[in-house]
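Just below is one structure, and these are the notes that go with it.
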Amino acid sequence: MTENSLDTAGRQAAADQASGAQAAAAASGSGPASAPGGALGRRVVTFADSLWRPALVLAAFVAAWWFVAAREYVPNYLVPTPGQVWETMTGQWSELARHTLVTLYETVLGFVLAAALGLATAVAIAYSRTLDKALYPIVLFAQVIPKIAIAPLLVVWFGLGLTPKIILAVLIAFFPVVISGVAGLRSTDPELLDLAATMGAGPWRTFRKIRFPNALPHLMAGLKVAVTLAVVGAVVGEFVGASEGLGYVLLLANGNLDAPLLFADLILMSAIGIVLFVLVEIAEALLIPWHASRRAAVSLTTS
């Protein structure tokens, strides 16, 4: 009986949220489409509307870059033209792709480990005052240590393989996951927790049905920060000791004063971070479509 009551309460809360979203959509004139094609068309329009502004800014940046490099206001050995960078990227694509895959593997594995360990640590801190006082200072201490300072030590301990890069990616991406997870788990309405306890829900059911869904908006924000920092951690590890990866290519290009290769390498690093960020953004849209930040139809202003 208590389990059914808790499920009923959860369904009622979801229904209330859905009703609020529908009411907001109706008030803004964007109610349900009369046909599936209408919904698909709206999504295409929304996607295109979200792209044209950054595309315009990017085009303006590339145009300014091309103008400065073509006029040689800055020497080409320092700032190459976009055409030179493109020729280098296409001419050395097979080699660059191999190094990109290495850095991508280090980044993804480091991010996944940081997300799992960070969430477990956040749960421990949020549920136990003893662990809060014991772990929180250690987490903060680990964050303020410059990671570039301990990278050589990790290379000495674990060699020149992938392990030091993955560990650095974990160390850098770990902190935002913990902070956002703790903030989300502690932001649960106490009245909901009292209601769950009254219905006889145990700690695990309360966590699964109330605490964790309520913490997801905060947690996803931390994951979006963490996934970009994981790229930094992997590259920093490659700076110290590596024979492959985009960080290794960056050192070679810098040592040979190969500006086109340097710029191509930086573009690929940025692409990794952007793609992973977008993937986390998509996961957020799938996991918390009910949250106010995901409902584009709801106006955030009163005007």
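In the structure tokens, the first chain shown is A, the next is B, and so on; residue numbers restart at 1 for each chain, and ligands run from 1 in the order shown.
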
Kindly assemble as a Markdown table a list of the region 59-149 of chain A residues that lie within 12 Å of region 233-251 of chain A, each paired with its nearest atom pair and their distance in Å to one decimal, using only C-alpha atoms, sorted first by chain and then by ascending residue number.
| residue | atom | partner | partner_atom | distance |
| --- | --- | --- | --- | --- |
| A:Gln92 | CA | A:Val249 | CA | 11.6 |
| A:Glu95 | CA | A:Val249 | CA | 9.8 |
| A:Leu96 | CA | A:Leu246 | CA | 7.7 |
| A:Ala97 | CA | A:Leu246 | CA | 9.4 |
| A:Arg98 | CA | A:Gly245 | CA | 7.7 |
| A:His99 | CA | A:Gly245 | CA | 4.2 |
| A:Thr100 | CA | A:Leu246 | CA | 5.9 |
| A:Leu101 | CA | A:Gly245 | CA | 7.7 |
| A:Val102 | CA | A:Gly245 | CA | 5.3 |
| A:Thr103 | CA | A:Gly245 | CA | 5.1 |
| A:Leu104 | CA | A:Ala234 | CA | 8.6 |
| A:Tyr105 | CA | A:Ala234 | CA | 9.2 |
| A:Glu106 | CA | A:Ala234 | CA | 6.0 |
| A:Thr107 | CA | A:Ala234 | CA | 5.8 |
| A:Val108 | CA | A:Ala234 | CA | 9.5 |
| A:Leu109 | CA | A:Ala234 | CA | 10.0 |
| A:Gly110 | CA | A:Ala234 | CA | 8.0 |
| A:Phe111 | CA | A:Gly233 | CA | 9.7 |
| A:Ala114 | CA | A:Gly233 | CA | 11.4 |
| A:Pro146 | CA | A:Val236 | CA | 11.0 |
| A:Lys147 | CA | A:Gly233 | CA | 8.0 |
| A:Ile148 | CA | A:Val236 | CA | 6.6 |
| A:Ala149 | CA | A:Val240 | CA | 9.9 |

Output C-alpha atoms for every residue in the selection just made, as a tab-separated table (two decimals), in the first residue's frame.
chain	number	residue	atom	x	y	z
A	92	GLN	CA	47.80	15.41	-42.39
A	95	GLU	CA	47.79	11.36	-38.50
A	96	LEU	CA	45.72	14.05	-36.82
A	97	ALA	CA	42.70	11.72	-36.64
A	98	ARG	CA	44.80	9.08	-34.88
A	99	HIS	CA	45.98	11.55	-32.27
A	100	THR	CA	42.45	12.93	-31.89
A	101	LEU	CA	41.08	9.48	-31.13
A	102	VAL	CA	43.73	9.00	-28.43
A	103	THR	CA	42.82	12.27	-26.72
A	104	LEU	CA	39.10	11.54	-27.13
A	105	TYR	CA	39.50	8.14	-25.48
A	106	GLU	CA	41.42	9.63	-22.54
A	107	THR	CA	38.83	12.39	-22.16
A	108	VAL	CA	35.75	10.17	-22.29
A	109	LEU	CA	37.13	7.55	-19.93
A	110	GLY	CA	38.33	10.23	-17.50
A	111	PHE	CA	34.96	11.99	-17.62
A	114	ALA	CA	34.94	11.40	-12.67
A	146	PRO	CA	47.76	22.73	-9.53
A	147	LYS	CA	47.33	19.64	-11.68
A	148	ILE	CA	50.29	20.54	-13.88
A	149	ALA	CA	52.45	20.29	-10.74

Got a sec to tell me which of region 40-241 of chain A DSSP assigns to alpha helix (DSSP H), as a PyMOL selection string?
chain A and resi 40-70+82-91+93-127+129-144+147-158+163-186+190-198+203-206+212-240

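Closest approach to Leu223 (chain A) from the set A:Ala116, A:Leu268, A:Leu168, A:Leu257 is made by A:Ala116, with distances taken over only C-alpha atoms.
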
Can you tell me how far CA of Trp93 (chain A) sits from CA of Phe263 (chain A), in Å to one decimal?
13.6 Å

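The nearest approach to Ala253 (chain A) among the residues A:Trp204, A:Trp290, A:Tyr136, A:Tyr77, with only C-alpha atoms taken into account, belongs to A:Tyr77.
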
Interatomic distance (Å, one decimal) between CA of Pro152 (chain A) and CA of Ile179 (chain A)
27.2 Å

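Minimum distance to Val278 (chain A) across A:Leu171, A:Leu252, A:Lys224, A:Leu229 (counting only C-alpha atoms) occurs at A:Lys224.
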
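The shortest atom-to-atom distance to Gly83 (chain A), with only C-alpha atoms taken into account, belongs to A:Val62 out of A:Val62, A:Ala142, A:Ala169, A:Leu154.
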
With a distance cut-off of 12 Å and only C-alpha atoms, select the neighbouring residues of Glu281 (chain A), excluding the residue or stretch itself and same-chain residues fewer than 3 positions from it, and output the selection as a compact mmCIF listing (two decimals) with N, CA, C and O atoms, in the first residue's frame.
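Generated output (out35.txt):
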# COMPACT_ATOMS: atom_id res chain seq x y z
N PRO A 217 18.92 18.52 -12.31
CA PRO A 217 19.28 19.81 -12.93
C PRO A 217 20.63 20.34 -12.48
O PRO A 217 21.43 20.82 -13.29
N LEU A 219 23.06 18.50 -11.15
CA LEU A 219 24.09 17.54 -11.54
C LEU A 219 24.45 17.68 -13.02
O LEU A 219 25.63 17.62 -13.38
N MET A 220 23.46 17.87 -13.87
CA MET A 220 23.74 18.02 -15.30
C MET A 220 24.55 19.28 -15.57
O MET A 220 25.40 19.30 -16.47
N ALA A 221 24.29 20.34 -14.82
CA ALA A 221 25.10 21.56 -14.98
C ALA A 221 26.55 21.28 -14.63
O ALA A 221 27.48 21.72 -15.32
N GLY A 222 26.78 20.52 -13.55
CA GLY A 222 28.15 20.16 -13.19
C GLY A 222 28.80 19.26 -14.20
O GLY A 222 30.00 19.38 -14.48
N LEU A 223 28.04 18.34 -14.79
CA LEU A 223 28.60 17.44 -15.79
C LEU A 223 29.01 18.19 -17.04
O LEU A 223 30.00 17.83 -17.69
N LYS A 224 28.25 19.22 -17.41
CA LYS A 224 28.62 20.00 -18.59
C LYS A 224 29.93 20.76 -18.38
O LYS A 224 30.73 20.92 -19.31
N VAL A 225 30.15 21.21 -17.15
CA VAL A 225 31.44 21.83 -16.84
C VAL A 225 32.54 20.78 -16.82
O VAL A 225 33.65 20.97 -17.35
N VAL A 227 32.83 17.88 -18.35
CA VAL A 227 33.23 17.25 -19.61
C VAL A 227 34.21 18.13 -20.38
O VAL A 227 35.08 17.62 -21.10
N ILE A 274 33.47 20.61 -27.62
CA ILE A 274 32.14 21.05 -28.06
C ILE A 274 31.23 19.85 -28.29
O ILE A 274 30.07 19.84 -27.87
N VAL A 275 31.75 18.82 -28.96
CA VAL A 275 30.93 17.64 -29.25
C VAL A 275 30.49 16.95 -27.95
O VAL A 275 29.32 16.58 -27.78
N LEU A 276 31.42 16.80 -27.01
CA LEU A 276 31.06 16.15 -25.75
C LEU A 276 30.08 17.00 -24.95
O LEU A 276 29.16 16.47 -24.31
N PHE A 277 30.26 18.31 -24.99
CA PHE A 277 29.32 19.19 -24.29
C PHE A 277 27.91 19.05 -24.88
O PHE A 277 26.92 18.99 -24.15
N VAL A 278 27.82 19.00 -26.21
CA VAL A 278 26.52 18.86 -26.86
C VAL A 278 25.88 17.53 -26.49
O VAL A 278 24.66 17.44 -26.28
N GLU A 284 20.81 15.79 -21.04
CA GLU A 284 20.03 16.61 -20.11
C GLU A 284 18.61 16.81 -20.62
O GLU A 284 17.64 16.71 -19.87
N ALA A 285 18.48 17.08 -21.92
CA ALA A 285 17.15 17.28 -22.50
C ALA A 285 16.30 16.02 -22.41
O ALA A 285 15.08 16.09 -22.25
N LEU A 286 16.93 14.85 -22.50
CA LEU A 286 16.20 13.59 -22.42
C LEU A 286 15.84 13.24 -20.98
O LEU A 286 14.78 12.66 -20.72
N LEU A 287 16.73 13.58 -20.03
CA LEU A 287 16.51 13.18 -18.64
C LEU A 287 15.58 14.12 -17.89
O LEU A 287 14.81 13.67 -17.03
N ILE A 288 15.66 15.41 -18.16
CA ILE A 288 14.84 16.37 -17.41
C ILE A 288 14.08 17.29 -18.36
O ILE A 288 14.22 18.52 -18.30
N PRO A 289 13.25 16.73 -19.25
CA PRO A 289 12.46 17.60 -20.13
C PRO A 289 11.44 18.42 -19.36
O PRO A 289 10.93 19.42 -19.87
N SER A 293 14.22 25.00 -17.22
CA SER A 293 15.29 25.41 -18.14
C SER A 293 15.18 24.73 -19.49
O SER A 293 15.79 25.18 -20.47
N ARG A 294 14.41 23.60 -19.57
CA ARG A 294 14.28 22.87 -20.82
C ARG A 294 12.99 23.21 -21.56
O ARG A 294 12.81 22.76 -22.69

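In this comparison, which uses only C-alpha atoms, the residue of A:Val156, A:Ala64, A:Val123, A:Leu140 approaching Arg186 (chain A) most closely is A:Val123.
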
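The interatomic distance for the pair CA of Thr130 (chain A) and CA of Leu195 (chain A) works out to 25.5 Å.
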